[in-house]
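K.L.:
Hey, dropping target.txt in here, compact mmCIF, C-alpha atoms and all ligand atoms:
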```
# COMPACT_ATOMS: atom_id res chain seq x y z
CA MET A 1 129.52 74.38 100.49
CA ARG A 2 126.43 74.48 102.75
CA LYS A 3 123.14 75.15 100.97
CA ALA A 4 120.16 77.03 102.39
CA LEU A 5 116.62 77.38 101.04
CA ILE A 6 114.51 80.36 102.14
CA THR A 7 110.76 80.80 101.68
CA GLY A 8 109.66 84.44 101.96
CA VAL A 9 113.08 85.55 100.66
CA THR A 10 111.61 88.81 99.30
CA GLY A 11 110.39 89.90 102.76
CA GLN A 12 112.17 91.94 105.41
CA ASP A 13 113.78 88.98 107.21
CA GLY A 14 114.48 87.06 104.01
CA SER A 15 116.55 89.92 102.65
CA TYR A 16 118.69 90.22 105.80
CA LEU A 17 119.17 86.45 106.07
CA VAL A 18 120.43 86.25 102.46
CA GLU A 19 123.10 88.82 103.33
CA LEU A 20 124.11 86.87 106.44
CA LEU A 21 124.24 83.46 104.72
CA LEU A 22 126.19 84.71 101.68
CA GLY A 23 128.65 86.26 104.16
CA GLU A 24 128.98 82.86 105.87
CA GLY A 25 129.85 81.23 102.53
CA TYR A 26 126.53 79.45 101.83
CA GLU A 27 124.91 78.79 98.48
CA VAL A 28 121.50 80.41 98.96
CA HIS A 29 118.24 79.53 97.21
CA GLY A 30 115.10 81.61 97.60
CA ILE A 31 111.49 80.95 96.63
CA ILE A 32 109.66 83.90 95.08
CA ARG A 33 106.04 84.28 94.00
CA ARG A 34 105.20 85.15 90.44
CA ALA A 35 103.70 88.66 90.45
CA SER A 36 102.71 91.06 87.68
CA THR A 37 104.93 93.71 89.24
CA PHE A 38 108.43 93.23 90.67
CA ASN A 39 108.44 92.00 94.28
CA THR A 40 112.22 91.69 94.61
CA SER A 41 113.19 95.24 95.62
CA ARG A 42 114.57 94.12 99.00
CA ILE A 43 117.00 91.62 97.44
CA GLU A 44 118.05 93.46 94.28
CA HIS A 45 121.33 94.57 95.87
CA VAL A 46 122.38 90.92 96.42
CA TYR A 47 121.02 89.53 93.14
CA GLN A 48 123.56 87.54 91.13
CA ASP A 49 123.24 86.61 87.46
CA PRO A 50 122.70 82.81 87.41
CA HIS A 51 124.72 82.55 84.18
CA VAL A 52 127.88 83.92 85.77
CA GLU A 53 130.33 81.38 87.19
CA GLY A 54 130.63 81.46 90.97
CA THR A 55 127.07 82.67 91.56
CA ARG A 56 125.84 81.61 95.01
CA PHE A 57 122.32 83.10 95.09
CA PHE A 58 119.48 81.54 93.09
CA LEU A 59 115.76 82.33 92.87
CA HIS A 60 112.98 79.84 92.07
CA TYR A 61 109.28 80.38 91.50
CA GLY A 62 107.00 78.71 94.03
CA ASP A 63 104.22 79.26 96.53
CA LEU A 64 103.49 77.79 99.95
CA ALA A 65 100.06 76.78 98.65
CA ASP A 66 101.77 74.53 96.09
CA ALA A 67 103.14 71.43 97.86
CA ASN A 68 104.28 69.81 94.63
CA THR A 69 106.67 72.62 93.71
CA ILE A 70 108.02 72.90 97.28
CA ARG A 71 108.73 69.15 97.25
CA LYS A 72 110.42 69.26 93.83
CA LEU A 73 112.63 72.17 94.92
CA ILE A 74 113.78 70.36 98.05
CA TYR A 75 114.70 67.23 96.07
CA LYS A 76 116.48 69.32 93.40
CA ILE A 77 118.38 71.74 95.63
CA ARG A 78 119.17 69.25 98.43
CA PRO A 79 119.46 71.99 101.07
CA ASP A 80 121.19 71.56 104.42
CA GLU A 81 118.98 74.22 106.01
CA ILE A 82 115.47 75.50 105.24
CA TYR A 83 114.16 78.77 106.69
CA ASN A 84 110.37 79.12 106.43
CA PHE A 85 109.60 82.86 106.40
CA GLY A 86 106.80 82.78 103.83
CA ALA A 87 103.51 83.96 105.35
CA GLN A 88 100.53 86.22 105.13
CA SER A 89 102.22 88.08 107.97
CA HIS A 90 99.84 90.97 108.69
CA VAL A 91 97.75 90.47 111.85
CA ARG A 92 95.02 93.01 110.99
CA VAL A 93 94.68 91.63 107.45
CA SER A 94 94.33 88.08 108.83
CA PHE A 95 90.88 89.07 110.12
CA ASP A 96 89.89 89.95 106.53
CA ILE A 97 91.37 86.82 104.88
CA PRO A 98 91.43 84.15 107.63
CA GLU A 99 91.18 81.10 105.37
CA TYR A 100 94.02 82.24 103.12
CA THR A 101 96.10 83.07 106.22
CA ALA A 102 95.50 79.58 107.65
CA ASN A 103 96.45 77.99 104.32
CA ILE A 104 99.75 79.84 103.84
CA THR A 105 100.85 80.78 107.36
CA GLY A 106 99.65 77.52 108.94
CA LEU A 107 99.55 74.72 106.35
CA GLY A 108 102.60 76.08 104.51
CA ALA A 109 104.87 74.78 107.28
CA LEU A 110 103.19 71.34 107.14
CA ARG A 111 103.77 71.12 103.39
CA ILE A 112 107.51 71.73 103.84
CA LEU A 113 107.83 69.33 106.78
CA GLU A 114 106.03 66.53 104.89
CA ALA A 115 108.46 66.99 102.00
CA ILE A 116 111.45 66.96 104.40
CA LYS A 117 110.17 63.78 106.07
CA ASP A 118 109.96 61.96 102.72
CA TYR A 119 113.23 63.42 101.42
CA GLU A 120 115.14 62.35 104.55
CA GLY A 121 113.51 58.90 104.46
CA GLU A 122 114.30 58.28 100.79
CA THR A 123 117.80 59.75 100.56
CA GLY A 124 119.18 59.42 104.09
CA ALA A 125 120.13 63.12 103.93
CA LYS A 126 119.46 65.43 106.90
CA VAL A 127 117.82 68.87 106.63
CA LYS A 128 117.55 71.45 109.41
CA PHE A 129 114.26 73.37 109.45
CA TYR A 130 113.57 76.82 110.94
CA GLN A 131 109.95 77.88 111.49
CA ALA A 132 109.25 81.62 111.84
CA SER A 133 107.07 81.44 114.93
CA SER A 134 105.83 84.60 116.53
CA SER A 135 105.14 86.36 119.83
CA GLU A 136 101.54 86.59 118.49
CA LEU A 137 101.25 83.03 119.84
CA PHE A 138 101.25 84.52 123.35
CA GLY A 139 98.31 86.83 122.60
CA SER A 140 96.63 87.68 125.89
CA ALA A 141 99.13 85.80 128.11
CA PRO A 142 100.49 88.20 130.76
CA PRO A 143 104.02 89.58 130.25
CA PRO A 144 106.88 88.81 130.34
CA GLN A 145 106.58 85.83 127.97
CA ASN A 146 109.13 83.03 127.60
CA GLU A 147 109.38 79.46 126.28
CA LEU A 148 107.18 78.16 129.14
CA THR A 149 104.35 80.70 128.79
CA PRO A 150 101.06 79.11 127.62
CA PHE A 151 99.88 80.34 124.21
CA GLN A 152 96.64 82.36 123.96
CA PRO A 153 96.50 83.64 120.35
CA ARG A 154 94.11 86.48 119.48
CA SER A 155 93.94 86.54 115.67
CA PRO A 156 93.61 84.20 112.68
CA TYR A 157 97.32 84.93 112.11
CA GLY A 158 98.19 83.86 115.66
CA VAL A 159 96.07 80.71 115.35
CA ALA A 160 97.70 79.81 112.01
CA LYS A 161 101.16 80.30 113.54
CA LEU A 162 100.08 78.09 116.47
CA PHE A 163 99.30 75.26 114.02
CA ALA A 164 102.70 75.71 112.39
CA PHE A 165 104.43 75.83 115.80
CA HIS A 166 102.94 72.54 116.95
CA THR A 167 103.46 70.88 113.56
CA THR A 168 107.16 71.78 113.73
CA LYS A 169 107.43 70.38 117.27
CA ASN A 170 105.49 67.24 116.32
CA TYR A 171 107.70 66.48 113.28
CA ARG A 172 110.77 66.93 115.51
CA GLU A 173 109.41 64.46 118.06
CA ALA A 174 107.77 61.98 115.66
CA TYR A 175 110.40 61.78 112.90
CA GLY A 176 113.60 63.09 114.51
CA ILE A 177 113.81 66.07 112.13
CA PHE A 178 116.07 68.92 113.32
CA ALA A 179 113.12 71.34 113.33
CA VAL A 180 113.02 74.45 115.54
CA ASN A 181 110.68 77.32 116.32
CA GLY A 182 112.10 80.80 116.73
CA ILE A 183 109.42 82.63 118.72
CA LEU A 184 110.33 86.12 117.61
CA PHE A 185 108.96 89.33 119.04
CA ASN A 186 108.43 92.29 116.70
CA HIS A 187 111.54 93.25 114.76
CA GLU A 188 111.74 96.24 112.49
CA SER A 189 114.07 98.02 110.09
CA PRO A 190 114.03 100.44 107.16
CA ARG A 191 112.98 97.36 105.09
CA ARG A 192 109.83 96.78 107.19
CA GLY A 193 106.59 96.64 105.17
CA GLU A 194 104.93 100.05 105.03
CA THR A 195 101.65 98.93 106.66
CA PHE A 196 103.22 97.71 109.91
CA VAL A 197 102.90 100.38 112.56
CA THR A 198 106.57 101.33 113.01
CA ARG A 199 107.27 101.87 109.32
CA LYS A 200 103.87 103.50 108.82
CA ILE A 201 104.85 106.04 111.46
CA THR A 202 108.41 106.68 110.25
CA LYS A 203 107.34 106.94 106.61
CA GLY A 204 104.45 109.18 107.67
CA ILE A 205 106.82 111.48 109.57
CA ALA A 206 109.18 111.71 106.60
CA ASP A 207 106.24 112.49 104.28
CA ILE A 208 104.96 115.22 106.66
CA VAL A 209 108.42 116.80 106.89
CA ALA A 210 108.70 116.71 103.08
CA GLY A 211 105.27 118.38 102.76
CA ARG A 212 103.73 115.34 101.06
CA ALA A 213 101.22 114.46 103.81
CA ASP A 214 99.35 116.24 106.60
CA LYS A 215 98.60 113.39 108.98
CA ILE A 216 99.22 109.77 109.92
CA TYR A 217 96.04 107.73 110.45
CA LEU A 218 96.48 105.16 113.22
CA GLY A 219 94.51 102.80 115.49
CA ASN A 220 95.33 101.71 119.06
CA LEU A 221 98.18 103.82 120.47
CA ASP A 222 98.16 102.00 123.84
CA ALA A 223 99.37 98.61 122.59
CA LYS A 224 102.81 97.68 123.93
CA ARG A 225 105.38 95.83 121.87
CA ASP A 226 108.94 94.57 122.36
CA TRP A 227 110.51 96.05 119.22
CA GLY A 228 113.99 94.97 118.09
CA TYR A 229 116.23 95.47 115.05
CA ALA A 230 115.69 92.87 112.29
CA PRO A 231 119.34 92.33 111.15
CA GLU A 232 120.21 91.19 114.69
CA PHE A 233 117.20 88.86 114.83
CA VAL A 234 118.15 86.88 111.70
CA GLU A 235 121.48 86.16 113.38
CA ALA A 236 119.57 84.49 116.24
CA MET A 237 117.68 82.32 113.74
CA TRP A 238 120.90 81.15 112.11
CA ARG A 239 122.42 80.39 115.52
CA MET A 240 119.40 78.20 116.38
CA LEU A 241 120.21 75.95 113.41
CA GLN A 242 123.90 75.80 114.42
CA HIS A 243 122.99 74.83 118.00
CA GLU A 244 123.85 71.23 118.98
CA ALA A 245 120.20 70.22 119.59
CA PRO A 246 116.88 71.31 118.05
CA GLU A 247 115.18 73.56 120.62
CA ASP A 248 112.65 76.40 120.52
CA PHE A 249 113.78 79.90 121.55
CA VAL A 250 112.12 83.21 122.45
CA ILE A 251 113.91 86.15 120.76
CA GLY A 252 113.28 89.73 121.83
CA THR A 253 114.89 92.72 123.53
CA GLY A 254 113.29 92.44 127.00
CA GLU A 255 111.95 96.02 126.76
CA ALA A 256 108.43 97.10 125.78
CA HIS A 257 107.04 100.47 124.62
CA THR A 258 103.66 101.76 123.47
CA VAL A 259 102.80 102.79 119.93
CA ARG A 260 102.33 106.28 121.43
CA GLU A 261 105.95 106.33 122.64
CA PHE A 262 107.12 105.28 119.18
CA CYS A 263 105.22 108.23 117.67
CA GLU A 264 106.49 110.71 120.24
CA LEU A 265 110.13 109.70 119.84
CA GLY A 266 109.92 109.54 116.04
CA PHE A 267 108.40 113.02 115.71
CA HIS A 268 110.87 114.47 118.25
CA HIS A 269 113.76 113.04 116.27
CA ALA A 270 112.38 114.82 113.19
CA GLY A 271 112.20 118.09 115.18
CA ILE A 272 108.40 118.08 115.71
CA GLY A 273 107.29 118.54 119.33
CA ASP A 274 103.50 118.92 119.01
CA TRP A 275 103.16 115.51 117.32
CA GLN A 276 99.51 114.93 118.34
CA LYS A 277 98.51 117.53 115.70
CA TYR A 278 99.74 115.17 113.00
CA VAL A 279 98.13 111.92 114.20
CA ALA A 280 94.47 111.00 113.71
CA ILE A 281 92.85 107.96 115.31
CA VAL A 282 90.55 105.97 113.04
CA HIS A 283 88.43 102.93 113.77
CA ARG A 284 89.50 100.86 110.77
CA TYR A 285 92.98 100.25 112.18
CA PHE A 286 91.71 98.68 115.42
CA ARG A 287 91.52 94.88 115.59
CA PRO A 288 88.47 92.82 116.67
CA THR A 289 90.72 91.29 119.35
CA GLU A 290 93.94 93.08 120.27
CA VAL A 291 97.19 91.84 121.77
CA ASP A 292 97.81 94.44 124.46
CA TYR A 293 101.21 93.76 125.91
CA LEU A 294 104.12 91.74 124.53
CA LEU A 295 107.41 91.69 126.42
CA ALA A 296 110.07 89.04 125.84
CA ASP A 297 112.00 87.21 128.51
CA PRO A 298 114.91 86.24 126.21
CA ARG A 299 117.20 84.71 128.87
CA LYS A 300 117.33 81.24 127.28
CA ALA A 301 118.67 82.68 124.00
CA ARG A 302 121.37 84.58 125.87
CA GLU A 303 122.40 81.55 127.92
CA LYS A 304 122.34 78.90 125.18
CA LEU A 305 122.96 80.83 121.94
CA GLY A 306 125.00 83.73 123.32
CA TRP A 307 122.52 86.02 121.55
CA TYR A 308 121.11 89.29 122.87
CA ALA A 309 119.58 92.39 121.25
CA ARG A 310 122.12 95.21 120.93
CA THR A 311 120.02 97.96 119.33
CA LYS A 312 117.84 99.78 121.85
CA PHE A 313 114.38 101.22 121.22
CA ALA A 314 115.48 104.86 120.81
CA ASP A 315 118.19 103.89 118.32
CA LEU A 316 115.76 101.75 116.32
CA VAL A 317 113.35 104.69 116.00
CA LYS A 318 116.18 106.95 114.83
CA ILE A 319 117.49 104.41 112.29
CA MET A 320 114.01 104.11 110.76
CA VAL A 321 113.16 107.83 110.74
CA ASP A 322 116.56 108.70 109.24
CA ALA A 323 116.16 106.07 106.51
CA ASP A 324 112.72 107.35 105.47
CA MET A 325 113.94 110.98 105.55
CA LYS A 326 116.81 109.97 103.28
CA ILE A 327 114.41 108.31 100.81
CA ASN A 328 112.49 111.61 100.70
CA GLY A 329 115.70 113.55 100.17
CA VAL A 330 115.36 115.43 103.49
CA LYS A 331 118.71 116.47 104.99
CA GLN A 332 118.94 116.36 108.80
P1 LIG B 401 107.19 89.99 105.37
O1 LIG B 401 108.13 91.12 105.13
O2 LIG B 401 105.74 90.22 105.37
O3 LIG B 401 107.55 88.85 104.28
C1 LIG B 401 106.69 87.76 104.05
C2 LIG B 401 107.25 86.93 102.92
O4 LIG B 401 106.36 85.84 102.66
C3 LIG B 401 107.38 87.70 101.59
O5 LIG B 401 108.55 87.29 100.94
C4 LIG B 401 106.16 87.23 100.82
O6 LIG B 401 106.30 87.30 99.42
C5 LIG B 401 106.11 85.78 101.27
N1 LIG B 401 104.84 85.14 101.00
C6 LIG B 401 103.58 85.63 101.22
N2 LIG B 401 102.66 84.75 100.81
C7 LIG B 401 103.33 83.69 100.30
C8 LIG B 401 102.93 82.48 99.68
N3 LIG B 401 101.65 82.21 99.47
N4 LIG B 401 103.88 81.61 99.29
C9 LIG B 401 105.19 81.90 99.46
N5 LIG B 401 105.64 83.04 100.02
C10 LIG B 401 104.71 83.92 100.43
O7 LIG B 401 107.54 89.26 106.76
P2 LIG B 401 108.86 89.40 107.68
O8 LIG B 401 108.67 90.55 108.59
O9 LIG B 401 110.08 89.29 106.85
O10 LIG B 401 108.69 88.10 108.60
C11 LIG B 401 109.23 86.85 108.19
C12 LIG B 401 108.45 85.73 108.87
O11 LIG B 401 108.56 85.87 110.28
C13 LIG B 401 106.95 85.70 108.56
O12 LIG B 401 106.55 84.34 108.55
C14 LIG B 401 106.34 86.42 109.75
O13 LIG B 401 105.01 85.97 109.94
C15 LIG B 401 107.27 85.96 110.86
N6 LIG B 401 107.42 86.90 111.99
C16 LIG B 401 107.74 88.20 111.77
C17 LIG B 401 107.96 89.04 112.84
C18 LIG B 401 108.33 90.48 112.64
O14 LIG B 401 108.25 91.25 113.60
N7 LIG B 401 108.80 90.87 111.46
C19 LIG B 401 107.87 88.54 114.15
C20 LIG B 401 107.58 87.20 114.34
C21 LIG B 401 107.38 86.37 113.24
P3 LIG B 401 105.94 88.66 98.59
O15 LIG B 401 107.13 89.57 98.73
O16 LIG B 401 105.74 88.15 97.21
O17 LIG B 401 104.70 89.24 99.21
O1 LIG B 402 101.00 96.34 114.99
C1 LIG B 402 98.91 98.82 116.69
C2 LIG B 402 98.30 97.46 116.45
O2 LIG B 402 100.88 95.57 112.62
C3 LIG B 402 101.61 96.62 116.22
C4 LIG B 402 103.95 91.20 112.48
O3 LIG B 402 105.27 91.24 112.03
O4 LIG B 402 104.65 91.40 114.76
C5 LIG B 402 103.83 91.99 113.77
O5 LIG B 402 102.48 92.00 114.19
C6 LIG B 402 100.61 97.30 117.15
C7 LIG B 402 99.26 96.58 117.25
O6 LIG B 402 102.48 94.47 114.25
C8 LIG B 402 98.12 100.86 113.80
O7 LIG B 402 96.95 97.41 116.87
C9 LIG B 402 97.99 101.04 115.95
O8 LIG B 402 98.86 96.52 118.58
O9 LIG B 402 102.99 96.71 113.46
P1 LIG B 402 101.84 95.83 113.72
P2 LIG B 402 101.87 93.21 115.02
O10 LIG B 402 100.41 93.13 114.89
O11 LIG B 402 102.44 93.23 116.40
C10 LIG B 402 104.33 90.05 115.09
C11 LIG B 402 105.31 89.57 116.14
C12 LIG B 402 104.22 89.17 113.90
O12 LIG B 402 104.50 87.99 113.97
C13 LIG B 402 103.55 89.74 112.70
O13 LIG B 402 103.90 89.01 111.53
O14 LIG B 402 100.32 98.59 116.63
N1 LIG B 402 98.53 99.83 115.68
N2 LIG B 402 97.72 101.70 114.81
C14 LIG B 402 98.63 99.68 114.36
N3 LIG B 402 99.11 98.67 113.60
C15 LIG B 402 99.11 98.84 112.25
N4 LIG B 402 99.62 97.86 111.47
N5 LIG B 402 98.59 99.97 111.66
C16 LIG B 402 98.09 101.01 112.38
O15 LIG B 402 97.63 102.01 111.84
```
Let me see the structure of the file written as structure tokens.
P.N.:
Amino acid sequence: MRKALITGVTGQDGSYLVELLLGEGYEVHGIIRRASTFNTSRIEHVYQDPHVEGTRFFLHYGDLADANTIRKLIYKIRPDEIYNFGAQSHVRVSFDIPEYTANITGLGALRILEAIKDYEGETGAKVKFYQASSSELFGSAPPPQNELTPFQPRSPYGVAKLFAFHTTKNYREAYGIFAVNGILFNHESPRRGETFVTRKITKGIADIVAGRADKIYLGNLDAKRDWGYAPEFVEAMWRMLQHEAPEDFVIGTGEAHTVREFCELGFHHAGIGDWQKYVAIVHRYFRPTEVDYLLADPRKAREKLGWYARTKFADLVKIMVDADMKINGVKQ
């Protein structure tokens, strides 16, 4: 039975990847952080009691700041594949806590790769490594962006991911590790964190319809993003590790829209036409340096992995608005 280890298993992508890997017959191990409140809500539906025979999903405490524990887990679990999703993943917040972001989002990948290097050297085993790279690497590079576009990051988050990107590539070249970067454009879902703009908008709309809020407070409405549907994107990651050779891939839909368009469509879907009345622009949500326009050129993924995004922008907005309305008990 193939074994996979996932860092960041409690996040949006972690939760969808667990579903996919269990469906493919894997034994799945996830690293969770100790917290004083539960942080496992996204994976509760797939949780399995470790005492029951036949369980294929296991959780372990750990942290990307703690190289010793990461190393011990790799030697104990002996995974065939490692997916590194753990990160301080919020771009705006990375300006507030840049050093922490560099430590976890940047150095975290190095800590895993060092452990893999030693583990492969000592045991002769082979481990495939997936690094969650990001379209934030492109920053101010003009669209469309693909695998050949030079990186111009615009945030501490982007810079940390750049370190992790090059470390992954370097360990592939220097030590022959099957290590790949998935350069993923924004991908969203009802499980998206509530402070990312899409979910903030759809949750805000649902709260306004339910009479629980009057307004949504937002920053730059002109930014353009290539938004896709997260469950489809984790499939691309898995395919990268099944590909014959370790290569980096851009993953996105090939379509970009503004934050304004997301608002307009979301409110319309909820039956609200005069949406501007319910949105206030506030300074605190602007970034010191913004990434204005991200648009994927995902042709390589289609040609070599047979992967392409199936869910279109309008459908994504509807899926997310409907899910937040349902949470609020609003019938549509
Ligand atoms: P997410 O929902 O923010 O999840 C981040 C995960 O990292 C959570 O499980 C979190 O644990 C964990 N984590 C945070 N700090 C950690 C630490 N110090 N040690 C270990 N784990 C830690 O992110 P996502 O949207 O699923 O994205 C997955 C990965 O892809 C991230 O690396 C992100 O930067 C990258 N990415 C995301 C997108 C996107 O559009 N979603 C696009 C490109 C790249 P807690 O639950 O305990 O906080
Ligand atoms: O912002 C603008 C904001 O925080 C999108 C992460 O998953 O994708 C994500 O990073 C845009 C930006 O995502 C608000 O200025 C306006 O232009 O949803 P976001 P992001 O920064 O693109 C990349 C690919 C990752 O790798 C990251 O991990 O929306 N915006 N008003 C706002 N953004 C937020 N969060 N909140 C607002 O009120």
K.L.:
Within 7 Å of (123.2, 79.8, 94.4) in the file's own coordinates, which protein, DNA or RNA residues have an atom, counting all atoms listed in the file? List them as a count of residues only.
P.N.:
7
K.L.:
Find the smallest box with edges along x, y and z containing every listed atom of ligand LIG 401 (chain B), then add 8 Å on each side and report centre and edge lengths in Å to one decimal, as JSON.
P.N.:
```
{"center_x": 105.9, "center_y": 86.4, "center_z": 105.8, "size_x": 24.4, "size_y": 25.6, "size_z": 33.1}
```
K.L.:
One decimal, in Å: what's the spacing between atom CA of A:Gly30 and atom CA of A:Val52?
P.N.:
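So the answer is 17.6 Å.
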K.L.:
Which residues are close to stretch 137-143 of chain A, i.e. within 6 Å by only C-alpha atoms, leaving aside same-chain residues fewer than 3 positions away? Reply as a list of chain:residue names.
P.N.:
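Once the nearby chain positions are removed, what remains is A:Ser134, A:Phe151, A:Gln152, A:Pro153, A:Arg154, A:Gly158, A:Val291, A:Leu295.
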K.L.:
Using all atoms listed in the file, what are the residues with an atom within 7 Å of ligand LIG 401 (chain B), set out as a PyMOL selection string?
P.N.:
chain A and resi 7-14+31-33+39-40+62-65+84-90+104-105+132-135+183-188+192-193
K.L.:
As a quick test: using all atoms listed in the file, which residues lie no more than 7 Å away from ligand LIG 402 (chain B)? Give them as number ranges by chain.
P.N.:
A: 89-92, 134-136, 184-186, 195-198, 200, 217-221, 223-225, 259, 285-287, 290-292
K.L.:
Using only C-alpha atoms, which of the listed residues (A:Ile177, A:Ile82, A:Ala115, A:Val46) sits closest to A:Ile6?
P.N.:
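Ranking A:Ile177, A:Ile82, A:Ala115, A:Val46 by distance to A:Ile6, first place goes to A:Ile82.
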K.L.:
Quick one: residues within 7 Å of A:Ala164, all atoms listed in the file, excluding same-chain residues fewer than 2 positions away - as a list in words?
P.N.:
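The filter keeps Gly106, Leu107, Ala109, Leu110, Ala160, Lys161, Leu162, His166, Thr167 and Thr168 of chain A.
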K.L.:
Of the candidates A:Val209, A:Ser189, A:Arg199, A:Ala35, which shows the shortest atom-to-atom distance to A:Lys331, using all atoms listed in the file?
P.N.:
A:Val209
K.L.:
What does the structure give for the distance between atom CA of A:Ala67 and atom CA of A:Ile116, in Å to one decimal?
P.N.:
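Separating atom CA of A:Ala67 from atom CA of A:Ile116 is a distance of 11.5 Å.
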K.L.:
Atom CA of A:Asp322 and atom CA of A:Glu261, how far apart in Å?
P.N.:
17.3 Å
K.L.:
Taking into account all atoms listed in the file, which residue in the set A:Glu244, A:Thr202, A:Ala309, A:Asp49 is nearest to A:Glu264?
P.N.:
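That would be A:Thr202, the residue with the smallest distance to A:Glu264.
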K.L.:
What's the 9 Å shell around A:Tyr119, counting all atoms listed in the file, without same-chain residues fewer than 6 positions away, as a compact mmCIF listing (two decimals) with C-alpha atoms, in the coordinates of the input?
P.N.:
```txt
# COMPACT_ATOMS: atom_id res chain seq x y z
CA ARG A 71 108.73 69.15 97.25
CA ILE A 74 113.78 70.36 98.05
CA TYR A 75 114.70 67.23 96.07
CA ARG A 78 119.17 69.25 98.43
CA ALA A 125 120.13 63.12 103.93
CA LYS A 126 119.46 65.43 106.90
CA VAL A 127 117.82 68.87 106.63
```
K.L.:
With all atoms listed in the file as the basis for distance, which of A:Glu247, A:Ala236, A:Gln145, A:Pro156 is at the shortest distance from A:Lys169?
P.N.:
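Selected residue with least distance to A:Lys169: A:Glu247.
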K.L.:
Could you give me, as a VMD selection string, the residues within 7 Å of A:Val279, counting only C-alpha atoms and dropping anything in the same chain fewer than 4 positions from it?
P.N.:
chain A and resid 215 to 217 275
K.L.:
Considering all atoms listed in the file, state which residue in the set A:Tyr26, A:Tyr175, A:Ile201, A:Arg284 is at the smallest distance from A:Arg260.
P.N.:
A:Ile201
K.L.:
Can you take the partial stretch 42-53 of chain A, add N, CA, C and O atoms, and return it as a short mmCIF file (atom, residue, chain, number, x, y, z; two decimals), in the frame of the given file?
P.N.:
```
data_model
loop_
_atom_site.label_atom_id
_atom_site.label_comp_id
_atom_site.auth_asym_id
_atom_site.auth_seq_id
_atom_site.Cartn_x
_atom_site.Cartn_y
_atom_site.Cartn_z
N ARG A 42 113.72 94.25 97.81
CA ARG A 42 114.57 94.12 99.00
C ARG A 42 115.82 93.27 98.77
O ARG A 42 116.73 93.27 99.59
N ILE A 43 115.83 92.50 97.66
CA ILE A 43 117.00 91.62 97.44
C ILE A 43 117.76 91.97 96.16
O ILE A 43 118.68 91.26 95.77
N GLU A 44 117.38 93.09 95.53
CA GLU A 44 118.05 93.46 94.28
C GLU A 44 119.55 93.67 94.48
O GLU A 44 120.36 93.31 93.63
N HIS A 45 119.91 94.25 95.64
CA HIS A 45 121.33 94.57 95.87
C HIS A 45 122.20 93.32 96.04
O HIS A 45 123.42 93.41 95.97
N VAL A 46 121.58 92.15 96.28
CA VAL A 46 122.38 90.92 96.42
C VAL A 46 122.15 89.96 95.25
O VAL A 46 122.70 88.87 95.22
N TYR A 47 121.33 90.40 94.29
CA TYR A 47 121.02 89.53 93.14
C TYR A 47 122.29 89.21 92.38
O TYR A 47 123.17 90.06 92.20
N GLN A 48 122.40 87.94 91.94
CA GLN A 48 123.56 87.54 91.13
C GLN A 48 123.04 86.87 89.86
O GLN A 48 122.11 86.07 89.93
N ASP A 49 123.64 87.21 88.73
CA ASP A 49 123.24 86.61 87.46
C ASP A 49 123.52 85.11 87.49
O ASP A 49 124.68 84.70 87.65
N PRO A 50 122.49 84.26 87.31
CA PRO A 50 122.70 82.81 87.41
C PRO A 50 123.63 82.25 86.33
O PRO A 50 124.14 81.14 86.46
N HIS A 51 123.86 83.04 85.26
CA HIS A 51 124.72 82.55 84.18
C HIS A 51 126.21 82.76 84.48
O HIS A 51 127.07 82.20 83.82
N VAL A 52 126.48 83.60 85.47
CA VAL A 52 127.88 83.92 85.77
C VAL A 52 128.47 82.84 86.69
O VAL A 52 127.83 82.44 87.67
N GLU A 53 129.69 82.42 86.37
CA GLU A 53 130.33 81.38 87.19
C GLU A 53 130.58 81.91 88.61
O GLU A 53 130.93 83.07 88.80
#
```
